[in-house]
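query-v1.pdb follows; it contains PDB, C-alpha atoms.
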```pdb
ATOM      1  CA  MET A   1      70.547  95.494 -12.453
ATOM      2  CA  GLN A   2      70.141  91.922 -11.411
ATOM      3  CA  LEU A   3      69.073  90.964  -7.946
ATOM      4  CA  LYS A   4      71.360  88.704  -6.080
ATOM      5  CA  LYS A   5      69.919  85.324  -5.257
ATOM      6  CA  ASN A   6      69.446  84.539  -1.655
ATOM      7  CA  PRO A   7      69.877  80.802  -1.097
ATOM      8  CA  GLN A   8      68.025  80.851   2.210
ATOM      9  CA  LEU A   9      65.039  82.648   0.685
ATOM     10  CA  ASP A  10      64.911  80.207  -2.218
ATOM     11  CA  ALA A  11      64.866  77.271   0.202
ATOM     12  CA  LEU A  12      61.930  78.738   2.141
ATOM     13  CA  ASN A  13      59.960  79.297  -1.071
ATOM     14  CA  LYS A  14      60.516  75.697  -2.185
ATOM     15  CA  GLN A  15      59.250  74.399   1.180
ATOM     16  CA  ALA A  16      56.088  76.509   0.904
ATOM     17  CA  VAL A  17      55.391  75.286  -2.639
ATOM     18  CA  SER A  18      56.000  71.670  -1.595
ATOM     19  CA  ARG A  19      53.548  71.919   1.328
ATOM     20  CA  THR A  20      50.874  73.425  -0.902
ATOM     21  CA  THR A  21      51.365  70.674  -3.466
ATOM     22  CA  MET A  22      51.117  67.979  -0.809
ATOM     23  CA  GLN A  23      47.877  69.419   0.484
ATOM     24  CA  LEU A  24      46.357  69.522  -3.001
ATOM     25  CA  LYS A  25      47.223  65.925  -3.849
ATOM     26  CA  THR A  26      44.204  63.571  -3.765
ATOM     27  CA  ASN A  27      43.934  60.148  -2.168
ATOM     28  CA  PRO A  28      42.028  57.715  -4.465
ATOM     29  CA  GLN A  29      40.904  55.449  -1.568
ATOM     30  CA  LEU A  30      39.693  58.419   0.416
ATOM     31  CA  ASP A  31      37.799  59.704  -2.610
ATOM     32  CA  ALA A  32      36.060  56.341  -3.050
ATOM     33  CA  LEU A  33      34.963  56.297   0.584
ATOM     34  CA  ASN A  34      33.719  59.850   0.281
ATOM     35  CA  LYS A  35      31.679  58.922  -2.800
ATOM     36  CA  GLN A  36      30.052  56.014  -0.936
ATOM     37  CA  ALA A  37      29.217  58.272   1.969
ATOM     38  CA  ALA A  38      27.841  60.863  -0.431
ATOM     39  CA  SER A  39      25.375  58.300  -1.804
ATOM     40  CA  SER A  40      23.506  58.176   1.505
ATOM     41  CA  GLU A  41      19.817  59.098   1.701
ATOM     42  CA  GLU A  42      20.515  62.701   2.731
ATOM     43  CA  ASN A  43      22.505  63.464  -0.420
ATOM     44  CA  LEU A  44      20.033  61.849  -2.863
ATOM     45  CA  PRO A  45      17.707  64.004  -4.975
ATOM     46  CA  PRO A  46      13.996  63.801  -4.035
ATOM     47  CA  ASP A  47      13.073  61.431  -6.857
ATOM     48  CA  LYS A  48      15.957  59.074  -6.070
ATOM     49  CA  LYS A  49      15.167  59.177  -2.376
ATOM     50  CA  SER A  50      11.748  57.774  -3.191
ATOM     51  CA  LYS A  51      13.282  55.028  -5.317
ATOM     52  CA  SER A  52      15.713  54.188  -2.555
ATOM     53  CA  TRP A  53      12.866  53.917  -0.043
ATOM     54  CA  VAL A  54      10.897  51.643  -2.376
ATOM     55  CA  GLY A  55      13.945  49.479  -2.914
ATOM     56  CA  THR A  56      14.432  49.118   0.825
ATOM     57  CA  LEU A  57      10.773  48.136   1.240
ATOM     58  CA  LEU A  58      11.008  45.589  -1.555
ATOM     59  CA  ARG A  59      14.149  44.063  -0.066
ATOM     60  CA  PHE A  60      12.400  43.795   3.292
ATOM     61  CA  THR A  61       9.367  42.175   1.645
ATOM     62  CA  PHE A  62      11.430  39.681  -0.345
ATOM     63  CA  ILE A  63      13.276  38.651   2.798
ATOM     64  CA  SER A  64      10.458  38.646   5.372
ATOM     65  CA  VAL A  65       7.673  37.082   3.280
ATOM     66  CA  PRO A  66       9.599  33.880   2.458
ATOM     67  CA  VAL A  67      10.572  33.546   6.118
ATOM     68  CA  VAL A  68       6.920  33.808   7.180
ATOM     69  CA  MET A  69       5.906  31.277   4.521
ATOM     70  CA  ILE A  70       8.543  28.822   5.691
ATOM     71  CA  LEU A  71       7.412  29.135   9.296
ATOM     72  CA  ALA A  72       3.793  28.627   8.220
ATOM     73  CA  ALA A  73       4.765  25.559   6.183
ATOM     74  CA  ILE A  74       6.435  24.087   9.247
ATOM     75  CA  ALA A  75       3.495  24.749  11.566
ATOM     76  CA  LEU A  76       0.634  23.863   9.186
ATOM     77  CA  PRO A  77       1.294  20.127   8.805
ATOM     78  CA  SER A  78       1.155  19.634  12.560
ATOM     79  CA  VAL A  79      -2.179  21.461  12.767
ATOM     80  CA  VAL A  80      -3.615  19.630   9.778
ATOM     81  CA  GLY A  81      -2.210  16.341  11.012
ATOM     82  CA  CYS A  82      -3.955  16.762  14.343
ATOM     83  CA  GLY A  83      -7.310  17.446  12.689
ATOM     84  CA  GLY A  84      -6.820  14.626  10.195
ATOM     85  CA  ALA A  85      -6.079  12.093  12.931
ATOM     86  CA  GLN A  86      -9.228  13.102  14.785
ATOM     87  CA  LYS A  87     -11.356  12.675  11.664
ATOM     88  CA  ALA A  88      -9.830   9.264  11.027
ATOM     89  CA  LYS A  89     -10.728   8.125  14.538
ATOM     90  CA  GLN A  90     -14.293   9.364  14.175
ATOM     91  CA  SER A  91     -14.542   7.735  10.750
ATOM     92  CA  GLU A  92     -14.014   4.391  12.480
ATOM     93  CA  ALA A  93     -17.076   4.971  14.663
ATOM     94  CA  LYS A  94     -19.257   6.032  11.743
ATOM     95  CA  GLN A  95     -18.283   2.909   9.797
ATOM     96  CA  TYR A  96     -18.899   0.671  12.812
ATOM     97  CA  ILE A  97     -22.361   2.085  13.493
ATOM     98  CA  SER A  98     -23.336   1.955   9.824
ATOM     99  CA  SER A  99     -22.310  -1.703   9.697
ATOM    100  CA  MET A 100     -24.219  -2.451  12.896
ATOM    101  CA  ASN A 101     -27.341  -0.819  11.435
ATOM    102  CA  LYS A 102     -27.071  -2.973   8.310
ATOM    103  CA  GLY A 103     -26.405  -6.053  10.456
ATOM    104  CA  GLN A 104     -29.590  -5.412  12.430
ATOM    105  CA  GLN A 105     -31.592  -5.067   9.226
ATOM    106  CA  VAL A 106     -30.211  -8.356   7.916
ATOM    107  CA  LYS A 107     -30.827  -9.999  11.297
ATOM    108  CA  TYR A 108     -34.476  -8.940  11.309
ATOM    109  CA  ALA A 109     -34.936 -10.045   7.693
ATOM    110  CA  GLU A 110     -33.590 -13.515   8.561
ATOM    111  CA  ASP A 111     -34.947 -14.077  12.083
ATOM    112  CA  GLY A 112     -37.835 -11.621  12.405
ATOM    113  CA  ALA A 113     -36.172  -9.923  15.415
ATOM    114  CA  PHE A 114     -33.344  -7.575  16.305
ATOM    115  CA  SER A 115     -30.338  -8.691  18.376
ATOM    116  CA  ASN A 116     -28.626  -7.392  21.528
ATOM    117  CA  SER A 117     -25.396  -9.214  20.667
ATOM    118  CA  MET A 118     -22.567  -7.903  18.555
ATOM    119  CA  ASN A 119     -21.448 -11.451  17.831
ATOM    120  CA  ALA A 120     -24.927 -12.415  16.650
ATOM    121  CA  LEU A 121     -24.733  -9.798  13.907
ATOM    122  CA  GLY A 122     -21.818 -11.750  12.390
ATOM    123  CA  LEU A 123     -19.811  -8.631  11.545
ATOM    124  CA  GLY A 124     -16.637  -9.514  13.415
ATOM    125  CA  LEU A 125     -16.637  -6.128  15.170
ATOM    126  CA  LYS A 126     -15.187  -5.559  18.636
ATOM    127  CA  THR A 127     -17.146  -4.004  21.485
ATOM    128  CA  GLN A 128     -14.140  -1.850  22.348
ATOM    129  CA  THR A 129     -11.351  -0.239  20.329
ATOM    130  CA  THR A 130      -8.675   2.279  21.203
ATOM    131  CA  ASN A 131     -11.033   5.195  20.667
ATOM    132  CA  TYR A 132     -14.616   3.922  21.128
ATOM    133  CA  ASN A 133     -16.880   1.614  23.131
ATOM    134  CA  TYR A 134     -19.668  -0.072  21.123
ATOM    135  CA  SER A 135     -22.942  -1.461  22.424
ATOM    136  CA  ILE A 136     -26.478  -2.388  21.378
ATOM    137  CA  LEU A 137     -29.951  -1.931  22.823
ATOM    138  CA  ALA A 138     -32.614  -3.918  20.979
ATOM    139  CA  THR A 139     -36.384  -3.848  21.509
ATOM    140  CA  LYS A 140     -39.256  -5.452  19.664
ATOM    141  CA  ASN A 141     -39.606  -2.572  17.230
ATOM    142  CA  ALA A 142     -36.142  -0.950  17.170
ATOM    143  CA  ALA A 143     -32.446  -1.497  17.646
ATOM    144  CA  PHE A 144     -30.087   1.240  18.872
ATOM    145  CA  ASN A 145     -26.374   0.964  18.168
ATOM    146  CA  TYR A 146     -23.950   3.135  20.112
ATOM    147  CA  GLY A 147     -20.399   4.273  19.512
ATOM    148  CA  VAL A 148     -19.341   6.240  22.615
ATOM    149  CA  ALA A 149     -15.993   8.038  22.507
ATOM    150  CA  ARG A 150     -13.397   7.116  25.093
ATOM    151  CA  SER A 151     -11.967  10.640  25.155
ATOM    152  CA  ASN A 152     -13.577  14.045  25.490
ATOM    153  CA  ASN A 153     -12.219  15.393  22.209
ATOM    154  CA  LEU A 154     -13.989  12.848  19.984
ATOM    155  CA  THR A 155     -17.610  12.806  18.830
ATOM    156  CA  SER A 156     -19.954  10.014  19.935
ATOM    157  CA  TYR A 157     -22.483   8.404  17.577
ATOM    158  CA  VAL A 158     -25.762   6.504  17.690
ATOM    159  CA  GLY A 159     -27.489   4.507  15.016
ATOM    160  CA  ALA A 160     -31.043   3.210  14.994
ATOM    161  CA  VAL A 161     -33.047   0.709  12.998
ATOM    162  CA  PHE A 162     -36.827   1.007  13.260
ATOM    163  CA  LEU A 163     -39.540  -1.401  12.251
ATOM    164  CA  VAL A 164     -42.209   0.443  10.259
ATOM    165  CA  PRO A 165     -45.206  -0.583   8.140
ATOM    166  CA  VAL A 166     -44.569  -0.897   4.443
ATOM    167  CA  SER A 167     -47.676   1.243   3.873
ATOM    168  CA  GLN A 168     -50.507   2.688   5.918
ATOM    169  CA  ALA A 169     -52.923   0.245   4.310
ATOM    170  CA  ALA A 170     -50.846  -2.831   5.160
ATOM    171  CA  ASN A 171     -49.985  -2.591   8.847
ATOM    172  CA  THR A 172     -49.230  -6.280   9.065
ATOM    173  CA  LYS A 173     -46.335  -6.111   6.587
ATOM    174  CA  LYS A 174     -43.315  -4.252   7.917
ATOM    175  CA  THR A 175     -39.847  -3.190   6.839
ATOM    176  CA  THR A 176     -36.847  -1.549   8.449
ATOM    177  CA  VAL A 177     -35.457   1.984   8.158
ATOM    178  CA  SER A 178     -32.172   3.203   9.621
ATOM    179  CA  ILE A 179     -30.477   6.433  10.665
ATOM    180  CA  LEU A 180     -27.057   7.552  11.923
ATOM    181  CA  CYS A 181     -26.698  10.541  14.259
ATOM    182  CA  ALA A 182     -23.734  12.348  15.829
ATOM    183  CA  ALA A 183     -23.653  14.181  19.133
ATOM    184  CA  ASN A 184     -23.522  17.939  18.619
ATOM    185  CA  SER A 185     -20.599  18.277  21.033
ATOM    186  CA  PRO A 186     -17.524  16.071  21.540
ATOM    187  CA  GLY A 187     -17.504  13.943  24.661
ATOM    188  CA  ASN A 188     -17.783  10.451  26.108
ATOM    189  CA  THR A 189     -21.510  10.681  26.821
ATOM    190  CA  GLN A 190     -23.969   8.421  25.011
ATOM    191  CA  PRO A 191     -26.047  10.441  22.504
ATOM    192  CA  PRO A 192     -29.854  10.453  22.836
ATOM    193  CA  ASP A 193     -31.777   7.785  20.917
ATOM    194  CA  PRO A 194     -33.223   8.754  17.526
ATOM    195  CA  ILE A 195     -37.023   8.763  17.264
ATOM    196  CA  LEU A 196     -39.727   8.100  14.707
ATOM    197  CA  GLN A 197     -41.829  10.960  13.376
ATOM    198  CA  LYS A 198     -44.681   9.965  11.033
ATOM    199  CA  GLY A 199     -42.835   6.812  10.090
ATOM    200  CA  ASN A 200     -39.510   8.548   9.447
ATOM    201  CA  PRO A 201     -36.442   8.300  11.727
ATOM    202  CA  VAL A 202     -35.029  11.609  12.984
ATOM    203  CA  CYS A 203     -32.177  12.533  15.305
ATOM    204  CA  ALA A 204     -33.134  13.576  18.817
ATOM    205  CA  ALA A 205     -32.300  16.972  20.293
ATOM    206  CA  GLY A 206     -28.587  17.268  20.984
ATOM    207  CA  SER A 207     -27.588  15.253  17.925
ATOM    208  CA  SER A 208     -27.473  15.734  14.172
ATOM    209  CA  LEU A 209     -27.916  13.576  11.097
ATOM    210  CA  VAL A 210     -24.751  12.100   9.611
ATOM    211  CA  THR A 211     -24.820  12.040   5.823
ATOM    212  CA  LYS A 212     -22.450   9.946   3.754
TER     213      LYS A 212
END
```
What does the file become when written as structure tokens?
Amino acid sequence: MQLKKNPQLDALNKQAVSRTTMQLKTNPQLDALNKQAASSEENLPPDKKSKSWVGTLLRFTFISVPVVMILAAIALPSVVGCGGAQKAKQSEAKQYISSMNKGQQVKYAEDGAFSNSMNALGLGLKTQTTNYNYSILATKNAAFNYGVARSNNLTSYVGAVFLVPVSQAANTKKTTVSILCAANSPGNTQPPDPILQKGNPVCAAGSSLVTK
């Protein structure tokens, strides 16, 4: 005995099957997004989580370190330039005083006396420049040459030429010895005069020997 087909029942069954099929169909774009979301840190295995953390740290290092280096490269020249300019200005004073010391030694060798005049030394040096004032104090047995800074951030200098015996046995025959000293602290104050100790010139307290 065959069952009679019911058209209405068949239509309802087809709708149910169609809905089920539609729900089971996959969306490729949605699947791709789901896979990307699934690759987040929470869904990674323990060993891969560690690798992911290391990778993040390395990326941060590769990005931040070059940035810091660039900033340092920008700032460093200005700092170095400032220090280099200061040294160049102070180098002028050291050269001036050294030349004045040598000029005094030549002056004594030629005339038998030191000079209080910059012009008399024949060096063509000025008594004032942008950064320093230069002066001389000469006595019978010594000549002191000063380079006093015109600003508080530069070092002042003093040079001295002393008349000393050639030997202890020959007090009548004399020669000259020189020294160059720098103030221990920057400033526009004249450094203390060097002194003689047992025939050797030394820097006074508050100043230090300048070596070439």
Exercise. Could you name the residues that touch Ala113 of chain A at 7 Å or less, counting only C-alpha atoms, but leaving out those on the same chain fewer than 3 positions away, as a ChimeraX atom specification?
Worked result: /A:107-108,140
Exercise. From the list A:Ala138, A:Ala160, A:Ile97, A:Val148, which residue is nearest Pro201 of chain A when using all atoms listed in the file?
Worked result: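 Among the listed residues, the smallest separation from Pro201 of chain A belongs to A:Ala160.
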For this session: Starting from the shown file, work through the PyMOL selection byres ((chain A and resi 184) around 10) and note down what comes out as number ranges by chain.
Result: A: 155-157, 181-183, 185-187, 191, 205-209
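From atom CA of Lys198 of chain A back to atom CA of Asn116 of chain A, the distance works out to 25.9 Å.
The gap separating atom CA of Ala149 of chain A from atom CA of Gln104 of chain A is 21.6 Å, in Å to one decimal.
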For this session: Measuring atom to atom with all atoms listed in the file, identify which of A:Gly159, A:Gly112, A:Gly147, A:Pro165 is nearest to Asn188 of chain A.
Result: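 Smallest separation from Asn188 of chain A among the options: A:Gly147.
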For this session: Using only C-alpha atoms, determine which residues lie at most 12 Å from segment 174-180 of chain A, disregarding the query and same-chain residues fewer than 5 positions distant; provide the list as an MDAnalysis selection string.
Result: chainID A and resid 93:109 112:114 141:147 156:169 191:196 199:204 207:212
Exercise. Interatomic distance between atom CA of Glu92 of chain A and atom CA of Asn119 of chain A?
Worked result: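 Between these atoms lies a distance of 18.3 Å.
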Adding 4 Å on each side of the box along x, y and z that holds all listed atoms of segment 195-208 of chain A, could you give its centre and edge lengths in Å to one decimal, as JSON?
```
{"center_x": -36.1, "center_y": 12.0, "center_z": 15.2, "size_x": 25.2, "size_y": 18.5, "size_z": 19.5}
```
Exercise. Counting all atoms listed in the file, what is within 7 Å of Arg150 of chain A, bar same-chain residues fewer than 5 positions away, as a ChimeraX atom specification?
Worked result: /A:131-133,188
